[in-house]
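Participant: Encoded as structure tokens, here's the structure I'll be asking about.
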Amino acid sequence: MSYRWRTERRIAGLMLALAGALPTASRAGDVMDTFQVHGFLSQAWLISDDNDLFGPSSQGGGSFDYTELGLNLSLRPRRDVLVSAQWLSRRTGDGDASPVLDHGVVDYQAFSSRDRRLGIQLGRFKNPFGFYNQTRDVAFTRPSILLPQSIYFERTRSLALAADGVSLYDEEYLDAGTLRFQAGVGQPQTGNDLDATLGLADWPGSFDGRTSYIGQVLFEDDGGHWVTALSAADVRAGYEHGTAALDDGRFHFQPWIVSVQYNDALWSLTAEYALRRIALDGFANPAYNTSQVGESWYVQYTRRFADDWQWLLRYDSLVSDRNDRDGSAFAAARGGPAYARYARDTTGGLRWQPTPRFMLAAEWHHIEGTAWLPATATSPPPAKYWNLLLFQASLRF
Amino acid sequence: MTSRRAGNIHHAIFAARQATGRGLARWWLWLWLFWLPGGVAGADEVVVIANPDVEIDTLSHDMARAIFAMRQRTWPDGRSVDVYVLPGGNPVHKRFVKSRLNVYPHQLQLAWDRAVFSGTGQAPHQADDQQTMLHQVATTPGAIGYLERDHLEDSVHVISLAN
């Protein structure tokens with residue numbers, strides 16, 4: 001936690017210094033005219049027949065431990081500069097909802113012409129990872145209450161979320177449409193989720209983010225019908241302050257995601273496919289040095305009707321190890337349930353957004369397997385087949 | 001009168017989409033019933049307007065879309081751009097976004113949310129109606145907005161969209 005606060009203070013200091021150092025071309029009053037405050041709040045109610053997600057969802061009246069609260073401030077000190085910061089308080093069953101700096105950037109749009117625009121972001125920037133990662137905690141930008149968990153799962157959330165460093169972007173206006181390119185280098189966030197996911201929560205050491213790389217190419221056709229993207233990353237972390245047998249190891253997370261979306265007036269069809277290599281190396285005890293490639297994909301259909309309603313159907317599949325799709329090899333070697341190594345989620349959802357500021361949503365998941373279920377110490381042993389019902393109310397300003 | 005005609009055109013578009021799988025006869029019936037009596041586009045055509053200090057007469061569709069999606073922050077000549085839009089439920093807004101920007105209003109709203117909450121852009125200014133839009137664009141340097149042609153006045157500058 002102290003590390004996180006130190007980093008946040010550093011970023012805030014950097015942003016202020018950069019913003020202050022910029023010669024303000026316009027009067028202070030004009031700059032304050034560009035000041036904007038936005039925010040969002042969502043509260044969910046989760047009920048499951050087995051397996052707890054975000055609090056005791058399978059017990060009694062379910063769980064209300066899924067709350068997202070965000071505050072966003074932005075300012076344009078110069079015509080080509082944007083300063084933006086967002087704090088996020090997120091409670092997902094573990095009781096810790098302390099606000100964290102979600103992003104904090106100085107964005108300088110260095111070049112802008114009829115054919116292209118080029119810019120740079122400094123600070124804590126959101127990783128362009130698939131269609132939804134950059135605003136994954138804002139209910140209004142998600143198609144459903146839970147994003148497809150095969151790709152946007154909780155287990156390595158902190159690594160995928162944002163990075164402290166530099167990101168470059170380029171947008172090219174072509175005859176056929178718009179091509180967008182973004183590439184960043186920086187230090188990822190590491191939370192306790194990573195230690196828990198890798199089964200190292202009980203050990204004294206922990207992971208710290210190391211220099212990592214992320215990039216995305218996105219194409220949007222001229223008619224606004226097709227959006228396609230390719231995202232890739234090499235996210236690295238180092239394990240430190242462990243025991244003699246468990247120290248100085250490295251963690252690599254190398255996902256590739258292909259994203260395709262077709263939009264019509266009243267419906268959208270979206271699919272994403274990801275290959276995720278997760279590797280540990282450098283540990284003195286070779287038992288901890290492992291590598292596996294996971295596979296994730298989903299197909300999602302959303303249909304708008306009666307102006308402010310939308311329904312959704314989705315099939316979402318996750319395999320933790322492509323070489324052991326049914327988890328049987330894992331079960332034989334480690335003794336755990338095979339169904340902890342995959343998850344197949346069929347989802348149906350309904351949402352009503354009577355105004356741009358307010359939204360109610362409900363959805364039902366039928367799931368086989370628990371591969372994306374966040375690891376918790378207190379939960380009973382997970383069940384193979386489970387159903388999850390969610391309701392969510394969201395506000396935005 | 002204007003808003004009724006807008007409604008008629010909306011109905012015709014909706015009808016045309018609904019009819020694609022149901023045969024042409026029905027489509028023609030809808031067209032005859034709802035669109036033809038409304039007359040052809042003219043005074044209710046939505047045009048892009050800017051503050052008179054903007055010296056640009058033409059914008060490409062891509063750039064107009066990037067500006068209204070709040071991704072592009074400057075005019076091609078480097079001047080700062082200030083974007084004004086009508087409320088999301090306003091029929092003129094819906095028509096402008098669909099017919100001139102070639103995207104759907106909910107996609108544009110999503111683009112704004114994504115820009116704001118990912119730290120890559122700001123939200124546009126909202127004008128409550130066309131009179132306010134005209135006033136705001138006329139008095140804000142570098143402003144861009146849109147209006148039905150019959151609300152136009154000399155205090156703003158019209159920009160045409162081209163490929």
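Labeling convention for the structure tokens: chains A, B, ... as they appear, residues from 1 per chain, ligands from 1 in order of appearance.
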Using only C-alpha atoms and a distance of at most 7 Å, pull out the residues of chain A that contact chain B, as a short mmCIF file (atom, residue, chain, number, x, y, z; two decimals) with N, CA, C and O atoms, in the first residue's frame.
Facilitator:
data_model
loop_
_atom_site.label_atom_id
_atom_site.label_comp_id
_atom_site.auth_asym_id
_atom_site.auth_seq_id
_atom_site.Cartn_x
_atom_site.Cartn_y
_atom_site.Cartn_z
N ASN A 72 -13.66 11.93 -11.84
CA ASN A 72 -12.76 12.27 -12.94
C ASN A 72 -12.66 13.78 -13.09
O ASN A 72 -13.67 14.48 -13.14
N ARG A 79 -4.36 24.54 -25.86
CA ARG A 79 -5.26 23.96 -26.85
C ARG A 79 -4.90 22.51 -27.19
O ARG A 79 -5.78 21.70 -27.50
N ASP A 80 -3.60 22.17 -27.13
CA ASP A 80 -3.19 20.83 -27.53
C ASP A 80 -2.82 19.94 -26.34
O ASP A 80 -2.22 18.89 -26.51
N SER A 84 -5.72 14.92 -17.26
CA SER A 84 -6.88 14.17 -16.76
C SER A 84 -6.46 13.23 -15.64
O SER A 84 -5.42 12.57 -15.73
N ALA A 85 -7.26 13.20 -14.59
CA ALA A 85 -6.99 12.28 -13.48
C ALA A 85 -8.29 11.66 -13.01
O ALA A 85 -9.35 12.30 -13.06
N HIS A 103 -6.21 6.60 -13.34
CA HIS A 103 -5.28 7.13 -14.34
C HIS A 103 -4.95 8.56 -13.97
O HIS A 103 -5.69 9.23 -13.25
N VAL A 105 -2.88 11.49 -16.33
CA VAL A 105 -2.03 11.71 -17.50
C VAL A 105 -1.98 13.17 -17.92
O VAL A 105 -2.92 13.94 -17.72
N SER A 112 -1.45 17.59 -35.52
CA SER A 112 -2.82 17.33 -35.94
C SER A 112 -3.03 17.96 -37.32
O SER A 112 -2.79 19.15 -37.50
N SER A 113 -3.42 17.16 -38.28
CA SER A 113 -3.65 17.68 -39.63
C SER A 113 -4.88 17.02 -40.20
O SER A 113 -5.57 16.26 -39.54
N ARG A 114 -5.12 17.31 -41.49
CA ARG A 114 -6.25 16.73 -42.19
C ARG A 114 -6.16 15.20 -42.24
O ARG A 114 -7.18 14.52 -42.31
N LYS A 126 -4.12 4.26 -19.14
CA LYS A 126 -4.91 3.03 -19.19
C LYS A 126 -4.43 2.18 -20.37
O LYS A 126 -4.20 2.69 -21.47
N GLN A 134 -9.85 -0.21 -21.15
CA GLN A 134 -9.53 1.15 -20.69
C GLN A 134 -10.62 1.75 -19.81
O GLN A 134 -10.33 2.60 -18.97
N THR A 135 -11.86 1.34 -20.00
CA THR A 135 -12.94 1.85 -19.13
C THR A 135 -13.70 0.69 -18.51
O THR A 135 -14.93 0.73 -18.39
N THR A 141 -19.98 1.99 -20.06
CA THR A 141 -19.19 1.63 -21.24
C THR A 141 -19.08 0.12 -21.42
O THR A 141 -18.44 -0.35 -22.34
N TYR A 173 -6.30 9.13 -40.88
CA TYR A 173 -7.58 9.17 -41.60
C TYR A 173 -7.36 8.68 -43.02
O TYR A 173 -6.75 9.37 -43.83
N GLY A 223 -18.00 3.71 -42.63
CA GLY A 223 -19.41 3.73 -42.29
C GLY A 223 -19.69 3.53 -40.80
O GLY A 223 -20.84 3.60 -40.37
N GLY A 224 -18.66 3.28 -40.01
CA GLY A 224 -18.85 3.04 -38.60
C GLY A 224 -19.42 1.67 -38.28
O GLY A 224 -19.84 1.41 -37.15
N ALA A 265 -27.79 -0.42 -36.92
CA ALA A 265 -28.58 0.60 -36.23
C ALA A 265 -29.04 0.10 -34.87
O ALA A 265 -28.95 0.79 -33.87
#
Participant: List the neighbours of segment 46-49 of chain B out to 7 Å using only C-alpha atoms; skip same-chain residues closer than 4 positions along the sequence, and give me the result as a PyMOL selection string.
Facilitator: chain B and resi 96+144-149+156-160
Participant: For those residues, write N, CA and C atoms to a file as a short mmCIF file (atom, residue, chain, number, x, y, z; two decimals), in the first residue's frame.
Facilitator:
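Dumped everything to selection_12.cif:
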data_model
loop_
_atom_site.label_atom_id
_atom_site.label_comp_id
_atom_site.auth_asym_id
_atom_site.auth_seq_id
_atom_site.Cartn_x
_atom_site.Cartn_y
_atom_site.Cartn_z
N PHE B 96 -28.55 14.49 -37.07
CA PHE B 96 -27.21 14.96 -37.42
C PHE B 96 -26.19 13.82 -37.31
N ILE B 144 -17.62 24.72 -32.59
CA ILE B 144 -18.28 23.99 -33.67
C ILE B 144 -19.59 23.43 -33.13
N GLY B 145 -20.60 23.36 -34.01
CA GLY B 145 -21.89 22.80 -33.61
C GLY B 145 -22.69 22.45 -34.85
N TYR B 146 -24.00 22.36 -34.71
CA TYR B 146 -24.84 22.05 -35.87
C TYR B 146 -26.25 22.59 -35.64
N LEU B 147 -26.96 22.80 -36.73
CA LEU B 147 -28.29 23.42 -36.69
C LEU B 147 -29.08 22.96 -37.90
N GLU B 148 -30.40 23.05 -37.80
CA GLU B 148 -31.22 22.93 -39.00
C GLU B 148 -31.05 24.22 -39.81
N ARG B 149 -31.08 24.06 -41.12
CA ARG B 149 -30.79 25.20 -41.98
C ARG B 149 -31.70 26.41 -41.71
N VAL B 156 -23.00 32.91 -37.44
CA VAL B 156 -22.15 31.72 -37.49
C VAL B 156 -21.73 31.43 -38.93
N HIS B 157 -20.74 30.55 -39.03
CA HIS B 157 -20.10 30.25 -40.30
C HIS B 157 -20.46 28.80 -40.64
N VAL B 158 -20.91 28.54 -41.86
CA VAL B 158 -21.32 27.18 -42.24
C VAL B 158 -20.12 26.42 -42.82
N ILE B 159 -19.97 25.17 -42.37
CA ILE B 159 -18.87 24.33 -42.85
C ILE B 159 -19.47 23.14 -43.58
N SER B 160 -18.99 22.88 -44.78
CA SER B 160 -19.52 21.72 -45.50
C SER B 160 -18.65 20.49 -45.25
#
Participant: List as a list in words the protein and nucleic acid residues near Ser317 of chain A, meaning an atom at most 8 Å away when only C-alpha atoms are counted, but skip any in the same chain fewer than 4 places from it.
Facilitator: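 Residues meeting the cut-off are Ser150, Ser296, Trp297, Tyr298, Tyr342, Ala343, Arg344 and Asp345 of chain A.
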Participant: Write a file of the just-selected residues containing all heavy atoms, as an mmCIF file, in the first residue's frame.
Facilitator:
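Dumped to again00.cif:
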data_model
loop_
_atom_site.group_PDB
_atom_site.id
_atom_site.type_symbol
_atom_site.label_atom_id
_atom_site.label_comp_id
_atom_site.auth_asym_id
_atom_site.auth_seq_id
_atom_site.Cartn_x
_atom_site.Cartn_y
_atom_site.Cartn_z
ATOM 1 N N SER A 150 -13.577 -14.305 -19.483
ATOM 2 C CA SER A 150 -12.468 -15.063 -20.078
ATOM 3 C C SER A 150 -11.310 -14.127 -20.407
ATOM 4 O O SER A 150 -10.155 -14.513 -20.322
ATOM 5 C CB SER A 150 -12.927 -15.797 -21.337
ATOM 6 O OG SER A 150 -13.186 -14.884 -22.378
ATOM 7 N N SER A 296 -8.837 -17.726 -24.615
ATOM 8 C CA SER A 296 -10.111 -17.118 -24.231
ATOM 9 C C SER A 296 -10.830 -16.630 -25.479
ATOM 10 O O SER A 296 -10.195 -16.105 -26.386
ATOM 11 C CB SER A 296 -9.879 -15.888 -23.353
ATOM 12 O OG SER A 296 -9.036 -16.177 -22.275
ATOM 13 N N TRP A 297 -12.116 -16.781 -25.510
ATOM 14 C CA TRP A 297 -12.896 -16.155 -26.591
ATOM 15 C C TRP A 297 -14.344 -16.013 -26.175
ATOM 16 O O TRP A 297 -14.810 -16.709 -25.285
ATOM 17 C CB TRP A 297 -12.796 -16.967 -27.897
ATOM 18 C CG TRP A 297 -13.337 -18.364 -27.818
ATOM 19 C CD1 TRP A 297 -12.654 -19.482 -27.460
ATOM 20 C CD2 TRP A 297 -14.677 -18.798 -28.118
ATOM 21 N NE1 TRP A 297 -13.469 -20.575 -27.509
ATOM 22 C CE2 TRP A 297 -14.710 -20.186 -27.911
ATOM 23 C CE3 TRP A 297 -15.838 -18.146 -28.552
ATOM 24 C CZ2 TRP A 297 -15.875 -20.938 -28.104
ATOM 25 C CZ3 TRP A 297 -16.993 -18.885 -28.742
ATOM 26 C CH2 TRP A 297 -16.988 -20.272 -28.515
ATOM 27 N N TYR A 298 -14.996 -15.065 -26.813
ATOM 28 C CA TYR A 298 -16.440 -14.932 -26.595
ATOM 29 C C TYR A 298 -17.097 -14.380 -27.857
ATOM 30 O O TYR A 298 -16.444 -13.753 -28.689
ATOM 31 C CB TYR A 298 -16.745 -14.037 -25.386
ATOM 32 C CG TYR A 298 -16.462 -12.570 -25.610
ATOM 33 C CD1 TYR A 298 -17.421 -11.720 -26.162
ATOM 34 C CD2 TYR A 298 -15.230 -12.030 -25.283
ATOM 35 C CE1 TYR A 298 -17.152 -10.381 -26.378
ATOM 36 C CE2 TYR A 298 -14.962 -10.690 -25.497
ATOM 37 C CZ TYR A 298 -15.920 -9.873 -26.050
ATOM 38 O OH TYR A 298 -15.641 -8.545 -26.268
ATOM 39 N N TYR A 342 -10.980 -24.487 -16.458
ATOM 40 C CA TYR A 342 -11.720 -23.917 -17.597
ATOM 41 C C TYR A 342 -13.003 -23.277 -17.077
ATOM 42 O O TYR A 342 -13.385 -23.489 -15.913
ATOM 43 C CB TYR A 342 -12.037 -24.993 -18.655
ATOM 44 C CG TYR A 342 -12.933 -26.106 -18.166
ATOM 45 C CD1 TYR A 342 -14.321 -25.950 -18.170
ATOM 46 C CD2 TYR A 342 -12.402 -27.304 -17.685
ATOM 47 C CE1 TYR A 342 -15.142 -26.962 -17.706
ATOM 48 C CE2 TYR A 342 -13.218 -28.306 -17.219
ATOM 49 C CZ TYR A 342 -14.590 -28.131 -17.231
ATOM 50 O OH TYR A 342 -15.411 -29.125 -16.766
ATOM 51 N N ALA A 343 -13.651 -22.504 -17.920
ATOM 52 C CA ALA A 343 -14.953 -21.934 -17.575
ATOM 53 C C ALA A 343 -15.716 -21.649 -18.862
ATOM 54 O O ALA A 343 -15.157 -21.111 -19.817
ATOM 55 C CB ALA A 343 -14.780 -20.643 -16.766
ATOM 56 N N ARG A 344 -16.978 -22.068 -18.881
ATOM 57 C CA ARG A 344 -17.843 -21.789 -20.029
ATOM 58 C C ARG A 344 -19.085 -21.088 -19.495
ATOM 59 O O ARG A 344 -19.800 -21.652 -18.676
ATOM 60 C CB ARG A 344 -18.228 -23.078 -20.749
ATOM 61 C CG ARG A 344 -17.027 -23.839 -21.255
ATOM 62 C CD ARG A 344 -17.410 -25.135 -21.934
ATOM 63 N NE ARG A 344 -16.204 -25.933 -22.148
ATOM 64 C CZ ARG A 344 -15.972 -27.127 -21.600
ATOM 65 N NH1 ARG A 344 -16.874 -27.703 -20.836
ATOM 66 N NH2 ARG A 344 -14.836 -27.761 -21.840
ATOM 67 N N ASP A 345 -19.278 -19.885 -19.937
ATOM 68 C CA ASP A 345 -20.291 -19.018 -19.350
ATOM 69 C C ASP A 345 -21.297 -18.613 -20.424
ATOM 70 O O ASP A 345 -20.934 -17.977 -21.408
ATOM 71 C CB ASP A 345 -19.579 -17.783 -18.770
ATOM 72 C CG ASP A 345 -20.531 -16.777 -18.131
ATOM 73 O OD1 ASP A 345 -21.753 -16.967 -18.226
ATOM 74 O OD2 ASP A 345 -20.030 -15.795 -17.557
#
Participant: Which of segment 96-336 of chain A end up as strand (DSSP E) when DSSP is run on this backbone - answer as a ChimeraX atom specification?
Facilitator: /A:100-112,116-126,162-173,177-188,206-221,226-240,250-263,267-281,291-305,309-319
